[in-house]
Amino acid sequence: MEKLDFYNRLLTNTTSTNPQKTADLEEEVDIVIHKLKFIPEESRPSVLVLDQATFYEPKSSPQLTDTISIGGGNLLSEKFDNPSKLVFIQHSGNLFADIISVLDDVILSRTDAVQKNEVYIISKPDFGNNPEDFLSDVEITAEIMQPKYFVYGRQGIDWVKFDLLA
């Protein structure tokens, strides 16, 4: 697992302002990390996050990197990297009108994610942006990345699987 720089800074910054919240966050994240400790890095899914707000450009940030890493995946920064899972961040209902044309992209259409029907939509516009939501974002990610290990009840509320075969 990566160094988790964002997560460690978040813990440091919240310790002085809200020690109980910090302890709760650390406990919950430690549970997720512990459950996944026997899954080697090379066996974790690679994920590309595309943000509707930036015309479906790949999204990357220190917070998003740590969120995906703790949740059991590896964040990619380019669509050329052949992701095994593809995640869209939805900002409006127009996503459903756009998604098929985005997935028809010459490169994306050939990815393992599209070929194996591993496309997800997160209906939380600030996903990966708000430090206050770090734990809920980790839970969403864990359900998507490692569904055999995690069920937080966020499917259908914060995220859905986009079924290409329907």
# chains A, B, ... in the order shown; residues from 1 in each chain; ligands from 1
>>> residues_around(residues="Ser69 of chain A", least_positions_apart="4", cutoff="10 Å", atoms="only C-alpha atoms", output="PyMOL selection string")
chain A and resi 1-4+33+41+44-46+63-65+73-75+138+141-142+145
>>> select_by_dssp(residues="segment 58-144 of chain A", states="helix (DSSP H, G or I)", output="ChimeraX atom specification")
/A:62-70,79-81,95-103,108-110,112-115,131-144
>>> write_last_selection(atoms="N, CA and C atoms", output="short mmCIF file (atom, residue, chain, number, x, y, z; two decimals), in the first residue's frame")
data_model
loop_
_atom_site.label_atom_id
_atom_site.label_comp_id
_atom_site.auth_asym_id
_atom_site.auth_seq_id
_atom_site.Cartn_x
_atom_site.Cartn_y
_atom_site.Cartn_z
N PRO A 62 -4.21 13.75 -4.42
CA PRO A 62 -3.71 12.97 -3.28
C PRO A 62 -4.83 12.33 -2.45
N GLN A 63 -5.93 13.06 -2.26
CA GLN A 63 -7.04 12.50 -1.49
C GLN A 63 -7.66 11.31 -2.22
N LEU A 64 -7.88 11.45 -3.51
CA LEU A 64 -8.49 10.37 -4.29
C LEU A 64 -7.55 9.15 -4.34
N THR A 65 -6.26 9.39 -4.48
CA THR A 65 -5.29 8.30 -4.49
C THR A 65 -5.36 7.49 -3.21
N ASP A 66 -5.40 8.17 -2.06
CA ASP A 66 -5.48 7.47 -0.78
C ASP A 66 -6.83 6.79 -0.59
N THR A 67 -7.89 7.42 -1.04
CA THR A 67 -9.23 6.84 -0.94
C THR A 67 -9.29 5.51 -1.70
N ILE A 68 -8.81 5.52 -2.92
CA ILE A 68 -8.82 4.31 -3.75
C ILE A 68 -7.89 3.25 -3.17
N SER A 69 -6.72 3.67 -2.72
CA SER A 69 -5.74 2.73 -2.17
C SER A 69 -6.27 2.03 -0.91
N ILE A 70 -6.81 2.79 0.01
CA ILE A 70 -7.36 2.20 1.24
C ILE A 70 -8.54 1.29 0.91
N LYS A 79 -6.19 6.95 -19.38
CA LYS A 79 -7.03 5.89 -19.93
C LYS A 79 -6.21 4.87 -20.71
N PHE A 80 -4.98 5.23 -21.09
CA PHE A 80 -4.11 4.31 -21.82
C PHE A 80 -3.60 3.18 -20.93
N ASP A 81 -3.79 3.30 -19.62
CA ASP A 81 -3.24 2.33 -18.67
C ASP A 81 -4.10 1.08 -18.50
N LEU A 95 -25.21 12.60 -17.49
CA LEU A 95 -24.22 11.52 -17.56
C LEU A 95 -24.79 10.32 -18.30
N PHE A 96 -26.03 9.99 -18.03
CA PHE A 96 -26.63 8.81 -18.65
C PHE A 96 -26.82 8.98 -20.15
N ALA A 97 -26.95 10.21 -20.61
CA ALA A 97 -27.02 10.48 -22.04
C ALA A 97 -25.63 10.43 -22.68
N ASP A 98 -24.61 10.76 -21.92
CA ASP A 98 -23.23 10.84 -22.43
C ASP A 98 -22.46 9.54 -22.34
N ILE A 99 -22.80 8.70 -21.40
CA ILE A 99 -21.91 7.59 -21.03
C ILE A 99 -21.62 6.63 -22.18
N ILE A 100 -22.58 6.33 -22.99
CA ILE A 100 -22.34 5.38 -24.09
C ILE A 100 -21.33 5.96 -25.08
N SER A 101 -21.46 7.24 -25.41
CA SER A 101 -20.49 7.84 -26.34
C SER A 101 -19.09 7.92 -25.71
N VAL A 102 -19.02 8.16 -24.40
CA VAL A 102 -17.72 8.17 -23.72
C VAL A 102 -17.10 6.78 -23.77
N LEU A 103 -17.91 5.77 -23.53
CA LEU A 103 -17.40 4.39 -23.54
C LEU A 103 -17.08 3.88 -24.94
N LEU A 108 -10.98 3.64 -24.50
CA LEU A 108 -11.80 3.13 -23.40
C LEU A 108 -12.57 1.87 -23.77
N SER A 109 -13.05 1.81 -24.99
CA SER A 109 -13.85 0.65 -25.41
C SER A 109 -13.06 -0.65 -25.38
N ARG A 110 -11.75 -0.56 -25.42
CA ARG A 110 -10.89 -1.75 -25.42
C ARG A 110 -10.35 -2.10 -24.03
N ASP A 112 -10.05 -3.39 -20.14
CA ASP A 112 -10.60 -4.53 -19.40
C ASP A 112 -11.89 -4.14 -18.69
N ALA A 113 -11.96 -2.90 -18.19
CA ALA A 113 -13.15 -2.45 -17.47
C ALA A 113 -14.39 -2.54 -18.34
N VAL A 114 -14.30 -2.04 -19.56
CA VAL A 114 -15.46 -2.06 -20.46
C VAL A 114 -15.71 -3.49 -20.95
N GLN A 115 -14.67 -4.19 -21.31
CA GLN A 115 -14.82 -5.56 -21.82
C GLN A 115 -15.43 -6.50 -20.78
N PRO A 131 -12.42 16.58 2.50
CA PRO A 131 -11.80 15.82 3.59
C PRO A 131 -12.80 15.35 4.65
N GLU A 132 -13.89 16.08 4.83
CA GLU A 132 -14.91 15.68 5.81
C GLU A 132 -15.58 14.36 5.42
N ASP A 133 -15.57 14.05 4.13
CA ASP A 133 -16.23 12.85 3.63
C ASP A 133 -15.25 11.72 3.34
N PHE A 134 -14.03 11.83 3.84
CA PHE A 134 -13.01 10.85 3.50
C PHE A 134 -13.45 9.42 3.82
N LEU A 135 -13.99 9.20 5.00
CA LEU A 135 -14.39 7.84 5.39
C LEU A 135 -15.53 7.32 4.52
N SER A 136 -16.53 8.13 4.25
CA SER A 136 -17.63 7.66 3.40
C SER A 136 -17.14 7.37 1.99
N ASP A 137 -16.17 8.15 1.50
CA ASP A 137 -15.60 7.89 0.18
C ASP A 137 -14.81 6.58 0.18
N VAL A 138 -14.10 6.30 1.27
CA VAL A 138 -13.39 5.02 1.39
C VAL A 138 -14.40 3.87 1.37
N GLU A 139 -15.51 4.02 2.06
CA GLU A 139 -16.53 2.97 2.10
C GLU A 139 -17.11 2.72 0.71
N ILE A 140 -17.40 3.78 -0.02
CA ILE A 140 -17.91 3.65 -1.39
C ILE A 140 -16.89 2.90 -2.23
N THR A 141 -15.65 3.32 -2.14
CA THR A 141 -14.58 2.70 -2.92
C THR A 141 -14.41 1.23 -2.56
N ALA A 142 -14.42 0.92 -1.27
CA ALA A 142 -14.25 -0.47 -0.84
C ALA A 142 -15.37 -1.36 -1.39
N GLU A 143 -16.60 -0.86 -1.40
CA GLU A 143 -17.71 -1.65 -1.95
C GLU A 143 -17.51 -1.93 -3.43
N ILE A 144 -16.99 -0.94 -4.16
CA ILE A 144 -16.78 -1.10 -5.60
C ILE A 144 -15.54 -1.96 -5.88
#
>>> residues_around(residues="Gly156 of chain A", least_positions_apart="4", cutoff="12 Å", atoms="only C-alpha atoms", output="PyMOL selection string")
chain A and resi 120-124+140+143-144+151-152+160-162
>>> closest_residue(among="A:Val87, A:Leu11, A:Leu164, A:Ile157", to="Tyr56 of chain A", atoms="only C-alpha atoms")
A:Val87
>>> closest_residue(among="A:Lys59, A:Arg154, A:Lys35, A:Lys21", to="Gly72 of chain A", atoms="only C-alpha atoms")
A:Lys35
>>> select_by_dssp(residues="segment 27-117 of chain A", states="strand (DSSP E or B)", output="VMD selection string")
chain A and resid 46 to 51 57 to 58 74 to 75 85 to 89
>>> write_last_selection(atoms="N, CA and C atoms", output="JSON list (two decimals), in the first residue's frame")
[["chain", "number", "residue", "atom", "x", "y", "z"],
["A", 46, "SER", "N", -7.08, -2.08, -10.88],
["A", 46, "SER", "CA", -6.69, -0.73, -11.28],
["A", 46, "SER", "C", -7.96, 0.01, -11.66],
["A", 47, "VAL", "N", -8.03, 1.27, -11.31],
["A", 47, "VAL", "CA", -9.26, 2.03, -11.53],
["A", 47, "VAL", "C", -8.94, 3.39, -12.14],
["A", 48, "LEU", "N", -9.75, 3.74, -13.11],
["A", 48, "LEU", "CA", -9.68, 5.06, -13.72],
["A", 48, "LEU", "C", -10.96, 5.79, -13.32],
["A", 49, "VAL", "N", -10.81, 6.99, -12.77],
["A", 49, "VAL", "CA", -11.95, 7.79, -12.36],
["A", 49, "VAL", "C", -12.12, 8.92, -13.37],
["A", 50, "LEU", "N", -13.30, 8.99, -13.97],
["A", 50, "LEU", "CA", -13.62, 10.03, -14.94],
["A", 50, "LEU", "C", -14.68, 10.94, -14.33],
["A", 51, "ASP", "N", -14.42, 12.24, -14.38],
["A", 51, "ASP", "CA", -15.31, 13.22, -13.75],
["A", 51, "ASP", "C", -16.16, 13.93, -14.80],
["A", 57, "GLU", "N", -12.57, 13.77, -18.13],
["A", 57, "GLU", "CA", -11.12, 13.64, -18.05],
["A", 57, "GLU", "C", -10.78, 12.81, -16.81],
["A", 58, "PRO", "N", -9.69, 12.07, -16.85],
["A", 58, "PRO", "CA", -9.28, 11.31, -15.66],
["A", 58, "PRO", "C", -9.03, 12.23, -14.48],
["A", 74, "ASN", "N", -6.06, 0.52, -7.10],
["A", 74, "ASN", "CA", -4.92, 1.34, -7.50],
["A", 74, "ASN", "C", -5.40, 2.35, -8.53],
["A", 75, "LEU", "N", -5.26, 3.64, -8.20],
["A", 75, "LEU", "CA", -5.73, 4.71, -9.08],
["A", 75, "LEU", "C", -4.79, 4.88, -10.25],
["A", 85, "LYS", "N", -11.30, -1.41, -13.67],
["A", 85, "LYS", "CA", -12.58, -0.82, -13.27],
["A", 85, "LYS", "C", -12.60, 0.63, -13.72],
["A", 86, "LEU", "N", -13.76, 1.08, -14.13],
["A", 86, "LEU", "CA", -13.96, 2.44, -14.60],
["A", 86, "LEU", "C", -15.04, 3.07, -13.75],
["A", 87, "VAL", "N", -14.75, 4.23, -13.16],
["A", 87, "VAL", "CA", -15.68, 4.91, -12.27],
["A", 87, "VAL", "C", -15.96, 6.30, -12.81],
["A", 88, "PHE", "N", -17.24, 6.62, -12.94],
["A", 88, "PHE", "CA", -17.66, 7.96, -13.34],
["A", 88, "PHE", "C", -18.18, 8.70, -12.12],
["A", 89, "ILE", "N", -17.80, 9.96, -11.98],
["A", 89, "ILE", "CA", -18.37, 10.80, -10.95],
["A", 89, "ILE", "C", -19.45, 11.64, -11.61]]
